[in-house]
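target34.csv (CSV, C-alpha atoms) appears below.
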```
chain,number,residue,atom,x,y,z
R,1,MET,CA,58.1,29.1,115.2
R,2,ALA,CA,59.6,29.2,118.6
R,3,LYS,CA,58.1,27.1,121.4
R,4,PRO,CA,57.6,29.7,124.1
R,5,VAL,CA,56.4,27.3,126.8
R,6,SER,CA,59.4,25.0,126.7
R,7,GLN,CA,61.8,27.9,126.1
R,8,ARG,CA,60.5,29.7,129.2
R,9,GLY,CA,61.1,26.6,131.2
R,10,PHE,CA,64.5,26.2,129.6
R,11,ALA,CA,66.7,25.4,132.6
R,12,ARG,CA,69.1,28.1,133.8
R,13,GLU,CA,71.5,25.2,134.7
R,14,ARG,CA,71.7,24.0,131.1
R,15,VAL,CA,72.5,27.5,129.9
R,16,ILE,CA,75.3,27.8,132.5
R,17,GLU,CA,76.7,24.3,131.6
R,18,ALA,CA,76.8,25.2,127.9
R,19,ALA,CA,78.4,28.5,128.6
R,20,LEU,CA,81.1,26.9,130.8
R,21,SER,CA,82.0,24.5,128.0
R,22,LEU,CA,82.3,27.3,125.5
R,23,PHE,CA,84.2,29.5,127.9
R,24,ALA,CA,86.7,26.7,128.6
R,25,GLU,CA,87.3,26.3,124.9
R,26,ARG,CA,87.2,29.9,123.6
R,27,GLY,CA,87.4,32.2,126.7
R,28,VAL,CA,84.6,34.5,127.8
R,29,ASN,CA,85.4,37.1,125.2
R,30,GLY,CA,85.5,34.5,122.4
R,31,THR,CA,82.0,33.3,123.3
R,32,SER,CA,78.7,35.0,122.3
R,33,LEU,CA,75.1,34.4,123.5
R,34,GLN,CA,74.4,33.3,120.0
R,35,MET,CA,77.1,30.5,120.3
R,36,ILE,CA,75.6,29.4,123.5
R,37,ALA,CA,72.1,29.2,121.9
R,38,ASP,CA,73.6,27.3,118.9
R,39,HIS,CA,75.4,24.9,121.3
R,40,LEU,CA,72.1,24.1,123.0
R,41,GLY,CA,70.1,24.1,119.7
R,42,VAL,CA,67.7,26.8,120.8
R,43,ARG,CA,66.9,30.3,119.7
R,44,LYS,CA,68.7,33.2,121.4
R,45,ALA,CA,65.4,34.3,122.9
R,46,ALA,CA,65.5,31.2,125.1
R,47,ILE,CA,68.8,32.3,126.6
R,48,TYR,CA,67.6,36.0,127.0
R,49,TYR,CA,64.7,34.7,129.0
R,50,GLN,CA,67.2,33.6,131.7
R,51,PHE,CA,70.2,36.0,131.2
R,52,HIS,CA,70.2,39.4,129.5
R,53,THR,CA,73.9,39.5,128.9
R,54,LYS,CA,76.8,37.1,128.8
R,55,ASP,CA,78.2,38.9,131.9
R,56,ASP,CA,75.0,37.9,133.7
R,57,ILE,CA,76.0,34.2,133.1
R,58,VAL,CA,79.6,34.8,134.3
R,59,LEU,CA,78.2,36.5,137.4
R,60,ALA,CA,75.8,33.6,138.1
R,61,VAL,CA,78.8,31.3,138.0
R,62,LEU,CA,81.1,33.5,140.1
R,63,GLY,CA,78.5,34.4,142.7
R,64,PRO,CA,78.7,31.2,144.8
R,65,VAL,CA,82.5,31.3,144.8
R,66,PHE,CA,82.5,34.9,146.1
R,67,ASP,CA,79.7,34.0,148.6
R,68,ASP,CA,82.0,31.3,150.0
R,69,MET,CA,85.0,33.7,150.0
R,70,ALA,CA,82.9,36.3,151.9
R,71,ARG,CA,81.9,33.6,154.4
R,72,LEU,CA,85.5,32.7,154.9
R,73,VAL,CA,86.5,36.3,155.4
R,74,ARG,CA,83.8,36.8,158.1
R,75,ILE,CA,84.9,33.6,160.0
R,76,ALA,CA,88.6,34.5,159.8
R,77,GLU,CA,88.1,38.1,160.9
R,78,SER,CA,86.4,36.8,164.1
R,79,ILE,CA,89.6,35.0,165.1
R,80,SER,CA,91.8,37.2,167.4
R,81,SER,CA,95.1,35.4,167.3
R,82,PRO,CA,97.0,36.5,164.1
R,83,ASP,CA,98.6,33.1,163.5
R,84,SER,CA,95.4,31.2,164.0
R,85,ARG,CA,93.6,33.7,161.8
R,86,ARG,CA,96.0,33.2,158.9
R,87,ASP,CA,96.0,29.4,159.4
R,88,ALA,CA,92.2,29.4,159.2
R,89,THR,CA,92.2,31.6,156.1
R,90,ILE,CA,94.7,29.4,154.3
R,91,SER,CA,92.8,26.3,155.2
R,92,GLY,CA,89.5,27.7,154.2
R,93,PHE,CA,90.9,29.0,151.0
R,94,VAL,CA,92.3,25.6,149.9
R,95,GLU,CA,89.0,24.0,150.8
R,96,LEU,CA,87.1,26.6,148.7
R,97,ALA,CA,89.4,26.3,145.7
R,98,VAL,CA,89.0,22.5,145.6
R,99,ARG,CA,85.3,22.7,146.1
R,100,HIS,CA,84.9,25.1,143.2
R,101,ARG,CA,87.6,23.1,141.2
R,102,ARG,CA,85.8,23.1,137.9
R,103,ILE,CA,85.0,26.8,137.9
R,104,GLY,CA,88.5,27.8,138.9
R,105,SER,CA,89.9,25.7,136.1
R,106,LEU,CA,87.6,27.6,133.6
R,107,PHE,CA,88.1,31.0,134.8
R,108,TYR,CA,91.6,31.3,136.2
R,109,GLY,CA,93.4,33.9,134.2
R,110,ASP,CA,90.6,34.8,131.8
R,111,PRO,CA,91.1,38.5,131.1
R,112,ALA,CA,87.3,39.0,130.7
R,113,VAL,CA,86.7,37.5,134.2
R,114,ILE,CA,89.4,39.6,135.8
R,115,ALA,CA,87.9,42.7,134.2
R,116,LEU,CA,84.4,41.7,135.4
R,117,VAL,CA,85.6,41.1,139.0
R,118,GLN,CA,87.3,44.5,138.9
R,119,ALA,CA,84.1,46.2,137.7
R,120,HIS,CA,82.1,44.8,140.7
R,121,GLN,CA,83.2,46.5,143.8
R,122,GLU,CA,81.6,43.9,146.1
R,123,PHE,CA,83.8,41.2,144.5
R,124,GLU,CA,86.9,43.4,144.6
R,125,GLU,CA,86.3,44.0,148.3
R,126,ILE,CA,86.0,40.4,149.1
R,127,ALA,CA,89.1,39.5,147.2
R,128,ASP,CA,91.0,42.4,148.9
R,129,ASN,CA,89.8,41.3,152.3
R,130,LEU,CA,90.9,37.8,151.7
R,131,ARG,CA,94.3,38.9,150.4
R,132,GLU,CA,94.7,41.1,153.5
R,133,LEU,CA,93.9,38.2,155.8
R,134,LEU,CA,96.4,36.1,154.0
R,135,VAL,CA,99.2,38.7,154.0
R,136,GLY,CA,98.3,39.3,157.7
R,137,GLY,CA,99.3,42.9,158.0
R,138,THR,CA,103.0,42.5,157.0
R,139,HIS,CA,104.1,44.2,153.9
R,140,ASP,CA,107.5,42.6,153.3
R,141,ILE,CA,108.2,41.3,149.8
R,142,GLY,CA,108.8,37.7,151.0
R,143,THR,CA,105.4,37.3,152.5
R,144,ARG,CA,103.6,39.0,149.6
R,145,VAL,CA,105.3,36.8,147.0
R,146,ALA,CA,104.6,33.7,149.1
R,147,ILE,CA,100.9,34.6,149.3
R,148,ALA,CA,100.7,35.2,145.6
R,149,MET,CA,102.4,31.8,145.1
R,150,ILE,CA,99.8,30.2,147.3
R,151,THR,CA,96.8,31.7,145.7
R,152,ALA,CA,98.0,31.3,142.1
R,153,GLY,CA,99.4,27.9,142.9
R,154,VAL,CA,96.3,26.6,144.6
R,155,PHE,CA,93.9,27.9,141.9
R,156,GLY,CA,96.2,26.9,139.1
R,157,SER,CA,96.6,23.4,140.5
R,158,THR,CA,92.9,22.9,140.7
R,159,ALA,CA,92.9,24.0,137.0
R,160,GLU,CA,95.8,21.7,135.9
R,161,PRO,CA,94.6,19.2,133.2
R,162,HIS,CA,97.4,16.8,134.3
R,163,LEU,CA,95.9,16.5,137.8
R,164,GLN,CA,92.3,15.7,136.7
R,165,ASP,CA,92.8,12.1,137.9
R,166,VAL,CA,93.7,13.3,141.5
R,167,SER,CA,90.7,13.0,143.9
R,168,ASP,CA,89.4,16.1,145.6
R,169,ALA,CA,90.5,14.7,149.0
R,170,ASP,CA,94.1,14.0,147.9
R,171,LEU,CA,94.3,17.4,146.1
R,172,HIS,CA,93.0,19.2,149.2
R,173,ARG,CA,95.5,17.4,151.5
R,174,VAL,CA,98.6,18.1,149.4
R,175,LEU,CA,97.7,21.7,148.6
R,176,LEU,CA,97.1,22.4,152.2
R,177,ASP,CA,100.5,20.9,153.0
R,178,CYS,CA,102.1,23.0,150.3
R,179,ALA,CA,100.4,26.2,151.4
R,180,GLN,CA,101.4,25.7,155.0
R,181,SER,CA,105.0,25.0,154.1
R,182,LEU,CA,105.1,28.1,152.0
R,183,LEU,CA,103.8,30.2,154.8
R,184,ARG,CA,106.3,28.8,157.2
R,185,SER,CA,109.5,29.1,155.2
R,186,PRO,CA,109.5,32.2,153.1
R,187,ARG,CA,108.7,34.4,156.2
R,188,SER,CA,112.2,33.7,157.4
R,189,ALA,CA,113.5,34.3,153.8
R,190,ALA,CA,111.7,37.6,153.8
R,191,ALA,CA,113.9,38.8,156.7
R,192,HIS,CA,117.0,39.1,154.6
R,193,LEU,CA,115.3,40.8,151.7
R,194,GLY,CA,114.9,44.6,151.4
R,195,GLY,CA,111.2,45.3,151.1
I,196,MET,CA,94.8,55.1,99.3
I,197,ALA,CA,97.1,53.0,101.3
I,198,LYS,CA,100.8,54.0,101.7
I,199,PRO,CA,102.5,50.8,100.7
I,200,VAL,CA,106.0,51.9,101.3
I,201,SER,CA,105.6,53.0,104.9
I,202,GLN,CA,103.2,50.1,105.6
I,203,ARG,CA,105.7,47.6,104.4
I,204,GLY,CA,108.2,49.0,106.8
I,205,PHE,CA,105.6,49.0,109.6
I,206,ALA,CA,107.5,47.5,112.5
I,207,ARG,CA,106.7,43.9,113.6
I,208,GLU,CA,107.4,45.1,117.1
I,209,ARG,CA,104.7,47.7,117.1
I,210,VAL,CA,102.2,45.1,115.9
I,211,ILE,CA,103.2,42.8,118.7
I,212,GLU,CA,103.1,45.6,121.3
I,213,ALA,CA,99.6,46.6,120.2
I,214,ALA,CA,98.4,42.9,120.1
I,215,LEU,CA,99.8,42.4,123.7
I,216,SER,CA,97.9,45.4,125.0
I,217,LEU,CA,94.6,44.1,123.5
I,218,PHE,CA,95.2,40.5,124.5
I,219,ALA,CA,95.7,41.7,128.1
I,220,GLU,CA,92.5,43.6,128.0
I,221,ARG,CA,90.2,41.3,126.0
I,222,GLY,CA,92.0,37.9,125.8
I,223,VAL,CA,93.2,36.4,122.5
I,224,ASN,CA,89.8,35.2,121.3
I,225,GLY,CA,88.3,38.6,122.0
I,226,THR,CA,90.9,40.4,119.8
I,227,SER,CA,90.8,40.6,116.0
I,228,LEU,CA,93.4,41.7,113.5
I,229,GLN,CA,91.0,44.6,112.7
I,230,MET,CA,91.2,45.7,116.3
I,231,ILE,CA,94.9,45.6,116.2
I,232,ALA,CA,95.0,47.7,113.0
I,233,ASP,CA,92.5,50.2,114.6
I,234,HIS,CA,94.6,50.4,117.7
I,235,LEU,CA,97.6,51.3,115.6
I,236,GLY,CA,95.6,53.6,113.3
I,237,VAL,CA,96.6,51.6,110.2
I,238,ARG,CA,94.8,49.5,107.6
I,239,LYS,CA,94.5,45.8,108.1
I,240,ALA,CA,96.8,45.3,105.1
I,241,ALA,CA,99.7,46.8,107.1
I,242,ILE,CA,99.2,44.0,109.7
I,243,TYR,CA,98.8,41.3,107.1
I,244,TYR,CA,102.1,42.3,105.6
I,245,GLN,CA,103.8,41.1,108.8
I,246,PHE,CA,101.4,38.4,110.1
I,247,HIS,CA,98.8,36.5,108.2
I,248,THR,CA,96.8,35.4,111.2
I,249,LYS,CA,96.3,36.4,114.8
I,250,ASP,CA,97.8,33.0,115.7
I,251,ASP,CA,101.0,34.0,113.9
I,252,ILE,CA,101.3,37.0,116.3
I,253,VAL,CA,100.7,34.8,119.4
I,254,LEU,CA,103.3,32.3,118.1
I,255,ALA,CA,105.8,35.1,117.5
I,256,VAL,CA,105.4,36.1,121.2
I,257,LEU,CA,105.5,32.5,122.5
I,258,GLY,CA,108.4,31.4,120.4
I,259,PRO,CA,111.2,33.0,122.5
I,260,VAL,CA,109.6,31.6,125.7
I,261,PHE,CA,109.6,28.1,124.3
I,262,ASP,CA,113.1,28.5,122.9
I,263,ASP,CA,114.3,29.3,126.4
I,264,MET,CA,112.3,26.3,127.8
I,265,ALA,CA,113.9,24.0,125.2
I,266,ARG,CA,117.4,25.3,126.1
I,267,LEU,CA,116.6,24.6,129.8
I,268,VAL,CA,115.4,21.1,129.0
I,269,ARG,CA,118.7,20.3,127.0
I,270,ILE,CA,120.9,21.7,129.9
I,271,ALA,CA,119.0,19.8,132.6
I,272,GLU,CA,118.9,16.5,130.6
I,273,SER,CA,122.7,16.6,130.5
I,274,ILE,CA,122.9,16.4,134.3
I,275,SER,CA,123.3,12.9,135.6
I,276,SER,CA,122.5,13.2,139.3
I,277,PRO,CA,118.6,13.2,139.6
I,278,ASP,CA,118.6,15.7,142.5
I,279,SER,CA,121.0,18.2,140.8
I,280,ARG,CA,118.9,17.8,137.6
I,281,ARG,CA,115.7,18.7,139.4
I,282,ASP,CA,117.4,21.6,141.2
I,283,ALA,CA,118.8,23.0,138.0
I,284,THR,CA,115.4,22.7,136.3
I,285,ILE,CA,113.5,24.5,139.1
I,286,SER,CA,116.1,27.2,139.2
I,287,GLY,CA,116.1,27.6,135.4
I,288,PHE,CA,112.3,27.6,135.3
I,289,VAL,CA,112.0,30.4,137.9
I,290,GLU,CA,114.6,32.5,136.0
I,291,LEU,CA,112.8,32.0,132.7
I,292,ALA,CA,109.4,32.9,134.2
I,293,VAL,CA,110.7,36.1,135.7
I,294,ARG,CA,112.6,37.0,132.5
I,295,HIS,CA,109.4,36.6,130.5
I,296,ARG,CA,107.3,38.2,133.2
I,297,ARG,CA,105.3,40.4,131.0
I,298,ILE,CA,104.3,37.7,128.6
I,299,GLY,CA,103.4,35.3,131.3
I,300,SER,CA,101.2,37.8,132.9
I,301,LEU,CA,99.4,38.3,129.6
I,302,PHE,CA,99.0,34.7,128.6
I,303,TYR,CA,98.7,32.7,131.7
I,304,GLY,CA,95.4,30.9,131.6
I,305,ASP,CA,94.1,32.3,128.3
I,306,PRO,CA,92.2,29.4,126.8
I,307,ALA,CA,93.1,30.4,123.2
I,308,VAL,CA,96.8,30.3,124.1
I,309,ILE,CA,96.4,26.9,125.8
I,310,ALA,CA,94.7,25.6,122.7
I,311,LEU,CA,97.4,27.0,120.4
I,312,VAL,CA,100.2,25.4,122.5
I,313,GLN,CA,98.3,22.0,122.3
I,314,ALA,CA,98.0,22.3,118.6
I,315,HIS,CA,101.7,22.8,118.2
I,316,GLN,CA,103.4,19.5,118.9
I,317,GLU,CA,106.9,21.1,119.3
I,318,PHE,CA,105.5,23.3,122.1
I,319,GLU,CA,103.7,20.4,123.7
I,320,GLU,CA,106.8,18.3,123.7
I,321,ILE,CA,108.9,21.0,125.3
I,322,ALA,CA,106.3,21.6,128.0
I,323,ASP,CA,106.0,17.8,128.6
I,324,ASN,CA,109.8,17.4,128.8
I,325,LEU,CA,110.0,20.2,131.3
I,326,ARG,CA,107.2,18.7,133.4
I,327,GLU,CA,108.9,15.4,133.3
I,328,LEU,CA,112.2,16.9,134.5
I,329,LEU,CA,110.4,18.6,137.3
I,330,VAL,CA,108.4,15.6,138.4
I,331,GLY,CA,111.7,13.6,138.1
I,332,GLY,CA,110.3,10.2,137.3
I,333,THR,CA,108.2,9.8,140.5
I,334,HIS,CA,104.5,9.6,139.9
I,335,ASP,CA,103.2,10.0,143.5
I,336,ILE,CA,100.4,12.4,143.9
I,337,GLY,CA,102.3,14.6,146.5
I,338,THR,CA,105.1,15.3,144.0
I,339,ARG,CA,102.8,15.9,141.1
I,340,VAL,CA,100.6,18.4,143.0
I,341,ALA,CA,103.7,20.1,144.4
I,342,ILE,CA,105.1,20.6,140.8
I,343,ALA,CA,101.7,21.9,139.6
I,344,MET,CA,101.8,24.3,142.6
I,345,ILE,CA,105.3,25.4,141.6
I,346,THR,CA,104.6,26.0,137.9
I,347,ALA,CA,101.2,27.6,138.4
I,348,GLY,CA,102.4,29.6,141.4
I,349,VAL,CA,105.6,30.9,139.7
I,350,PHE,CA,103.8,31.8,136.5
I,351,GLY,CA,100.8,33.2,138.4
I,352,SER,CA,103.0,35.3,140.7
I,353,THR,CA,104.8,36.9,137.8
I,354,ALA,CA,101.3,37.8,136.5
I,355,GLU,CA,100.0,39.1,139.8
I,356,PRO,CA,99.1,42.8,139.4
I,357,HIS,CA,99.6,43.4,143.2
I,358,LEU,CA,103.3,42.4,142.7
I,359,GLN,CA,104.1,44.8,139.8
I,360,ASP,CA,106.1,47.0,142.2
I,361,VAL,CA,108.4,44.1,143.2
I,362,SER,CA,111.7,44.1,141.3
I,363,ASP,CA,112.7,41.2,139.0
I,364,ALA,CA,115.6,40.4,141.3
I,365,ASP,CA,113.5,40.2,144.5
I,366,LEU,CA,110.7,38.3,142.7
I,367,HIS,CA,113.3,35.8,141.4
I,368,ARG,CA,114.9,35.3,144.8
I,369,VAL,CA,111.6,34.7,146.8
I,370,LEU,CA,110.1,32.5,144.1
I,371,LEU,CA,113.2,30.3,144.0
I,372,ASP,CA,113.0,30.0,147.8
I,373,CYS,CA,109.3,29.1,147.6
I,374,ALA,CA,109.8,26.5,144.8
I,375,GLN,CA,112.7,24.9,146.7
I,376,SER,CA,110.8,24.7,149.9
I,377,LEU,CA,107.8,23.1,148.1
I,378,LEU,CA,110.1,20.5,146.5
I,379,ARG,CA,111.6,19.6,149.8
I,380,SER,CA,108.6,19.3,152.0
I,381,PRO,CA,105.7,17.7,150.0
I,382,ARG,CA,107.9,14.8,149.0
I,383,SER,CA,107.8,13.5,152.5
I,384,ALA,CA,104.0,14.3,152.7
I,385,ALA,CA,103.6,12.2,149.5
I,386,ALA,CA,104.8,9.1,151.3
I,387,HIS,CA,101.7,8.9,153.4
I,388,LEU,CA,99.3,9.4,150.6
I,389,GLY,CA,97.9,6.7,148.5
I,390,GLY,CA,98.5,7.2,144.8
```
For this file, write the structure as structure tokens.
Amino acid sequence: MAKPVSQRGFARERVIEAALSLFAERGVNGTSLQMIADHLGVRKAAIYYQFHTKDDIVLAVLGPVFDDMARLVRIAESISSPDSRRDATISGFVELAVRHRRIGSLFYGDPAVIALVQAHQEFEEIADNLRELLVGGTHDIGTRVAIAMITAGVFGSTAEPHLQDVSDADLHRVLLDCAQSLLRSPRSAAAHLGG
Amino acid sequence: MAKPVSQRGFARERVIEAALSLFAERGVNGTSLQMIADHLGVRKAAIYYQFHTKDDIVLAVLGPVFDDMARLVRIAESISSPDSRRDATISGFVELAVRHRRIGSLFYGDPAVIALVQAHQEFEEIADNLRELLVGGTHDIGTRVAIAMITAGVFGSTAEPHLQDVSDADLHRVLLDCAQSLLRSPRSAAAHLGG
């Protein structure tokens, strides 16, 4: 028989932790609620008590990341000088990626997560607003590629297994340096590209 | 009844194409051989005739990418000047990522693909050799993070849906510019970091 009392109290955090391990190993689409229950040695009902679908678990993990992104967008949008606005966005973005380092490393590039974000308009809007702040109104190819290089490079570096020994502080400092140098140099490169 | 003659001739390329569409949508772990067969409107036996496992399909797709990486490693290792060697490696890497743009965009970050690469020592060795050539013997944090930013940024940018309108030639040119500027500037930043 199940033990309803202890299962009701079964911590949300433990479900999320178990899910994150399985997602990292098998991807979101390769993980089922049953596998999460098995991993924790509980019945599926104990998971259902907290989360009705696997997507609910993914959303619970992504939520805080998007909350921080939304906060960054609000702060950056209040800055009137375009250059300061972009600098603040880059700096906030690097800080956020390092702070959510573990989640980024699990989710970056997972097709199921990309689809889930696209299916949630509020997430899509936040991501679009952030991209818009980074691109800063220009639409030349040089800047757009540089911004993609910054976002993919920053998220990807936080996800890089070979950098797991690097402290958050060092990672933050070098990534910010890299992002700033990318913003400075490719803008001039962009000038001699058709775009 | 199955139609063995036409199924035997069922093109390898069509299986790979169907698999790539499903991988992009659902990830490798979320895709089964049965789904690939259904997508093509054939029986699973027709797929088995070409590929015995789903991993065989992934390996058939990754093979040419790793062949090109191995070729790049051999060329770069034959260059004696360390600076020229690293420049050639960066330049070859950007060229390779853009050439395999579609595959990179499907596979970048898929946990199943990462696990498959790790399980194949020949792939792991090629990836390690390439990383070694890029890092160029130094082990300071600044250079290691910059290299991670370049590899993740270059692969991630080729995968970026918002850049699908950018031509291969433009993408190649800007990414090379970005990679070169990252290699130049963070090396000096690295000097004042512990590590």
Point to revise | Gap from CA of Ala314 (chain I) to CA of Ser286 (chain I) - Å, one decimal | key: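 CA of Ala314 (chain I) sits 27.9 Å away from CA of Ser286 (chain I).
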Check your understanding: Counting all atoms listed in the file, which residues of chain R come no farther than 9 Å from chain I, as a PyMOL selection string?
Key -> chain R and resi 23-31+105-112+115+141-158+160+162-163+166+170-171+173-175+177-179+181-182+185-186+189-190+193-195
Check your understanding: Expressed in Å to a single decimal, how great is the separation between CA of Ile274 (chain I) and CA of Arg326 (chain I)?
Key ->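 Atom-to-atom, CA of Ile274 (chain I) to CA of Arg326 (chain I), that is 15.9 Å.
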Practice item. Provide the CA of Leu325 (chain I) to CA of Val94 (chain R) distance in Å, to one decimal place. Key: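 So the two atoms, CA of Leu325 (chain I) and CA of Val94 (chain R), lie 26.2 Å apart.
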Check your understanding: Restricting the calculation to all atoms listed in the file, which member of I:Ile242, I:Gly331, I:Gln316, I:His247 is positioned closest to Glu208 (chain I)?
Key ->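 That would be I:Ile242, the residue with the smallest distance to Glu208 (chain I).
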Point to revise | Counting all atoms listed in the file, the residue of I:Gln245, I:Thr333, I:Asn324, I:Gln359 that sits nearest Glu272 (chain I) | key: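 Among I:Gln245, I:Thr333, I:Asn324, I:Gln359, it is I:Asn324 that comes nearest to Glu272 (chain I).
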Exercise for review: Tell me, as a list of chain:residue names, which residues lie within 12 Å of Phe123 (chain R), counting all atoms listed in the file; anything in the same chain fewer than 3 positions away does not count.
Suggested key: R:Leu59, R:Leu62, R:Gly63, R:Pro64, R:Val65, R:Phe66, R:Asp67, R:Asp68, R:Met69, R:Ala70, R:Val113, R:Ile114, R:Ala115, R:Leu116, R:Val117, R:Gln118, R:Ala119, R:His120, R:Ile126, R:Ala127, R:Asp128, R:Asn129, R:Leu130
